[in-house]
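Novice: Could you have a look at this structure, given as structure tokens, before my questions?
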Amino acid sequence: MPNMNIPAAERSLNPMQVASLDKRRQWGLACQVISGQFAFFAVLLLLWSGQDLQYSPGWMHPMFYYNVLAAILAVVFGLYGTYLRRGRVHEY
């Protein structure tokens, strides 16, 4: 009797396909961890980016730019990691 907890598309995979699926999910988890780290640093950078926007002259706001970059990278890594962890439905 097949394991009903496993999605239907993954019940009949050969060992090589299972290994590649596990590797993809490991990379997805790694991307999600990196996303969490970037999100943590983006929150920390909020402390300095407001001050940077207030007191830095002209267009020179490096802490604000680092904050925006960290936030964008957190979202990108999070979405890509979730995509890798969940994956697409394949017909094997």
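Identifiers in the structure tokens: chain A, B, ... in order shown; residue index from 1 per chain; ligand index from 1 in order shown.
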Using only C-alpha atoms, determine which residues lie at most 9 Å from A:Gly78, disregarding the query and same-chain residues fewer than 4 positions distant; provide the list as a ChimeraX atom specification.
Specialist: /A:28,31-36,73-74,82-83
Novice: Can you spit out the residues from that selection as a PDB file, in the first residue's frame, using N, CA, C and O atoms?
Specialist:
ATOM      1  N   GLY A  28      16.684  24.429  -1.103  1.00  0.00           N
ATOM      2  CA  GLY A  28      15.579  25.318  -0.756  1.00  0.00           C
ATOM      3  C   GLY A  28      15.641  25.760   0.694  1.00  0.00           C
ATOM      4  O   GLY A  28      15.431  26.932   1.004  1.00  0.00           O
ATOM      5  N   CYS A  31      18.413  28.305   1.090  1.00  0.00           N
ATOM      6  CA  CYS A  31      17.992  29.634   0.610  1.00  0.00           C
ATOM      7  C   CYS A  31      17.049  30.301   1.606  1.00  0.00           C
ATOM      8  O   CYS A  31      17.114  31.519   1.801  1.00  0.00           O
ATOM      9  N   GLN A  32      16.184  29.514   2.252  1.00  0.00           N
ATOM     10  CA  GLN A  32      15.291  30.094   3.248  1.00  0.00           C
ATOM     11  C   GLN A  32      16.064  30.572   4.475  1.00  0.00           C
ATOM     12  O   GLN A  32      15.726  31.602   5.069  1.00  0.00           O
ATOM     13  N   VAL A  33      17.103  29.867   4.866  1.00  0.00           N
ATOM     14  CA  VAL A  33      17.943  30.302   5.983  1.00  0.00           C
ATOM     15  C   VAL A  33      18.665  31.594   5.631  1.00  0.00           C
ATOM     16  O   VAL A  33      18.722  32.537   6.439  1.00  0.00           O
ATOM     17  N   ILE A  34      19.202  31.662   4.415  1.00  0.00           N
ATOM     18  CA  ILE A  34      19.873  32.890   3.967  1.00  0.00           C
ATOM     19  C   ILE A  34      18.875  34.049   3.941  1.00  0.00           C
ATOM     20  O   ILE A  34      19.205  35.172   4.314  1.00  0.00           O
ATOM     21  N   SER A  35      17.650  33.771   3.534  1.00  0.00           N
ATOM     22  CA  SER A  35      16.612  34.796   3.529  1.00  0.00           C
ATOM     23  C   SER A  35      16.348  35.314   4.935  1.00  0.00           C
ATOM     24  O   SER A  35      16.206  36.529   5.144  1.00  0.00           O
ATOM     25  N   GLY A  36      16.287  34.428   5.898  1.00  0.00           N
ATOM     26  CA  GLY A  36      16.083  34.852   7.280  1.00  0.00           C
ATOM     27  C   GLY A  36      17.221  35.707   7.799  1.00  0.00           C
ATOM     28  O   GLY A  36      17.000  36.682   8.532  1.00  0.00           O
ATOM     29  N   LEU A  73      17.014  41.176  -1.157  1.00  0.00           N
ATOM     30  CA  LEU A  73      17.633  39.852  -1.150  1.00  0.00           C
ATOM     31  C   LEU A  73      16.889  38.891  -0.224  1.00  0.00           C
ATOM     32  O   LEU A  73      16.777  37.691  -0.535  1.00  0.00           O
ATOM     33  N   ALA A  74      16.360  39.385   0.886  1.00  0.00           N
ATOM     34  CA  ALA A  74      15.579  38.534   1.785  1.00  0.00           C
ATOM     35  C   ALA A  74      14.333  38.006   1.074  1.00  0.00           C
ATOM     36  O   ALA A  74      14.010  36.818   1.158  1.00  0.00           O
ATOM     37  N   THR A  82      11.422  28.850  -1.116  1.00  0.00           N
ATOM     38  CA  THR A  82      10.100  28.241  -1.019  1.00  0.00           C
ATOM     39  C   THR A  82       9.755  27.508  -2.302  1.00  0.00           C
ATOM     40  O   THR A  82       9.175  26.415  -2.272  1.00  0.00           O
ATOM     41  N   TYR A  83      10.120  28.084  -3.432  1.00  0.00           N
ATOM     42  CA  TYR A  83       9.890  27.419  -4.717  1.00  0.00           C
ATOM     43  C   TYR A  83      10.658  26.095  -4.781  1.00  0.00           C
ATOM     44  O   TYR A  83      10.125  25.082  -5.227  1.00  0.00           O
TER      45      TYR A  83
END
Novice: So which bits of chain A end up helix (DSSP H, G or I) when you DSSP the backbone, as a PyMOL selection string?
Specialist: chain A and resi 8-10+15-55+62-86
Novice: At what distance in Å, to one decimal, does atom CA of A:Leu84 lie from atom CA of A:Arg25?
Specialist: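 Calculated distance between atom CA of A:Arg25 and atom CA of A:Leu84 is 5.9 Å.
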Novice: Go ahead and compute the interatomic distance for atom CA of A:Ala71 and atom CA of A:Ala42, in Å to one decimal.
Specialist: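 Atom CA of A:Ala42 lies 5.6 Å from atom CA of A:Ala71.
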Novice: Select, from A:Met4, A:Ala19, A:Met63, A:Ala30, the residue with the minimum atom-to-atom distance to A:Leu44, counting only C-alpha atoms.
Specialist: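 Of the candidates, the smallest distance to A:Leu44 is held by A:Met63.
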Novice: Atom CA of A:Gly50 and atom CA of A:Pro62, how far apart in Å?
Specialist: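 Computing the Euclidean distance for atom CA of A:Pro62 and atom CA of A:Gly50 yields 11.2 Å.
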Novice: Which residues are near A:His61? Cut-off 8 Å, only C-alpha atoms, ignore same chain within fewer than 4 positions. Put them as an MDAnalysis selection string.
Specialist: chainID A and resid 49 52:53 56:57 65
Novice: Store the residues picked out above, limited to all heavy atoms, as an mmCIF file, in the first residue's frame.
Specialist:
data_model
loop_
_atom_site.group_PDB
_atom_site.id
_atom_site.type_symbol
_atom_site.label_atom_id
_atom_site.label_comp_id
_atom_site.auth_asym_id
_atom_site.auth_seq_id
_atom_site.Cartn_x
_atom_site.Cartn_y
_atom_site.Cartn_z
ATOM 1 N N SER A 49 19.476 53.393 8.863
ATOM 2 C CA SER A 49 19.037 53.991 7.598
ATOM 3 C C SER A 49 18.164 55.223 7.820
ATOM 4 O O SER A 49 18.224 56.173 7.042
ATOM 5 C CB SER A 49 18.308 52.963 6.734
ATOM 6 O OG SER A 49 17.103 52.562 7.340
ATOM 7 N N ASP A 52 20.527 57.899 8.536
ATOM 8 C CA ASP A 52 21.252 58.202 7.310
ATOM 9 C C ASP A 52 20.409 59.084 6.387
ATOM 10 O O ASP A 52 20.916 60.044 5.799
ATOM 11 C CB ASP A 52 21.617 56.887 6.612
ATOM 12 C CG ASP A 52 22.487 57.090 5.393
ATOM 13 O OD1 ASP A 52 23.370 57.965 5.441
ATOM 14 O OD2 ASP A 52 22.293 56.359 4.411
ATOM 15 N N LEU A 53 19.127 58.777 6.277
ATOM 16 C CA LEU A 53 18.251 59.596 5.436
ATOM 17 C C LEU A 53 18.082 61.003 6.007
ATOM 18 O O LEU A 53 17.929 61.969 5.257
ATOM 19 C CB LEU A 53 16.884 58.928 5.289
ATOM 20 C CG LEU A 53 16.834 57.679 4.414
ATOM 21 C CD1 LEU A 53 15.473 57.028 4.513
ATOM 22 C CD2 LEU A 53 17.152 58.022 2.972
ATOM 23 N N SER A 56 22.393 62.634 6.100
ATOM 24 C CA SER A 56 23.347 62.581 4.991
ATOM 25 C C SER A 56 22.931 63.561 3.904
ATOM 26 O O SER A 56 21.749 63.657 3.552
ATOM 27 C CB SER A 56 23.423 61.179 4.406
ATOM 28 O OG SER A 56 24.001 60.298 5.333
ATOM 29 N N PRO A 57 23.895 64.264 3.338
ATOM 30 C CA PRO A 57 23.554 65.255 2.311
ATOM 31 C C PRO A 57 23.325 64.615 0.941
ATOM 32 O O PRO A 57 23.916 63.596 0.604
ATOM 33 C CB PRO A 57 24.784 66.161 2.284
ATOM 34 C CG PRO A 57 25.902 65.260 2.689
ATOM 35 C CD PRO A 57 25.319 64.305 3.675
ATOM 36 N N TYR A 65 20.686 52.412 1.178
ATOM 37 C CA TYR A 65 20.831 51.522 0.023
ATOM 38 C C TYR A 65 21.135 50.094 0.463
ATOM 39 O O TYR A 65 20.623 49.134 -0.105
ATOM 40 C CB TYR A 65 21.913 52.041 -0.921
ATOM 41 C CG TYR A 65 21.629 53.420 -1.476
ATOM 42 C CD1 TYR A 65 22.636 54.360 -1.600
ATOM 43 C CD2 TYR A 65 20.347 53.780 -1.867
ATOM 44 C CE1 TYR A 65 22.376 55.628 -2.099
ATOM 45 C CE2 TYR A 65 20.074 55.033 -2.369
ATOM 46 C CZ TYR A 65 21.096 55.960 -2.480
ATOM 47 O OH TYR A 65 20.823 57.201 -2.972
#
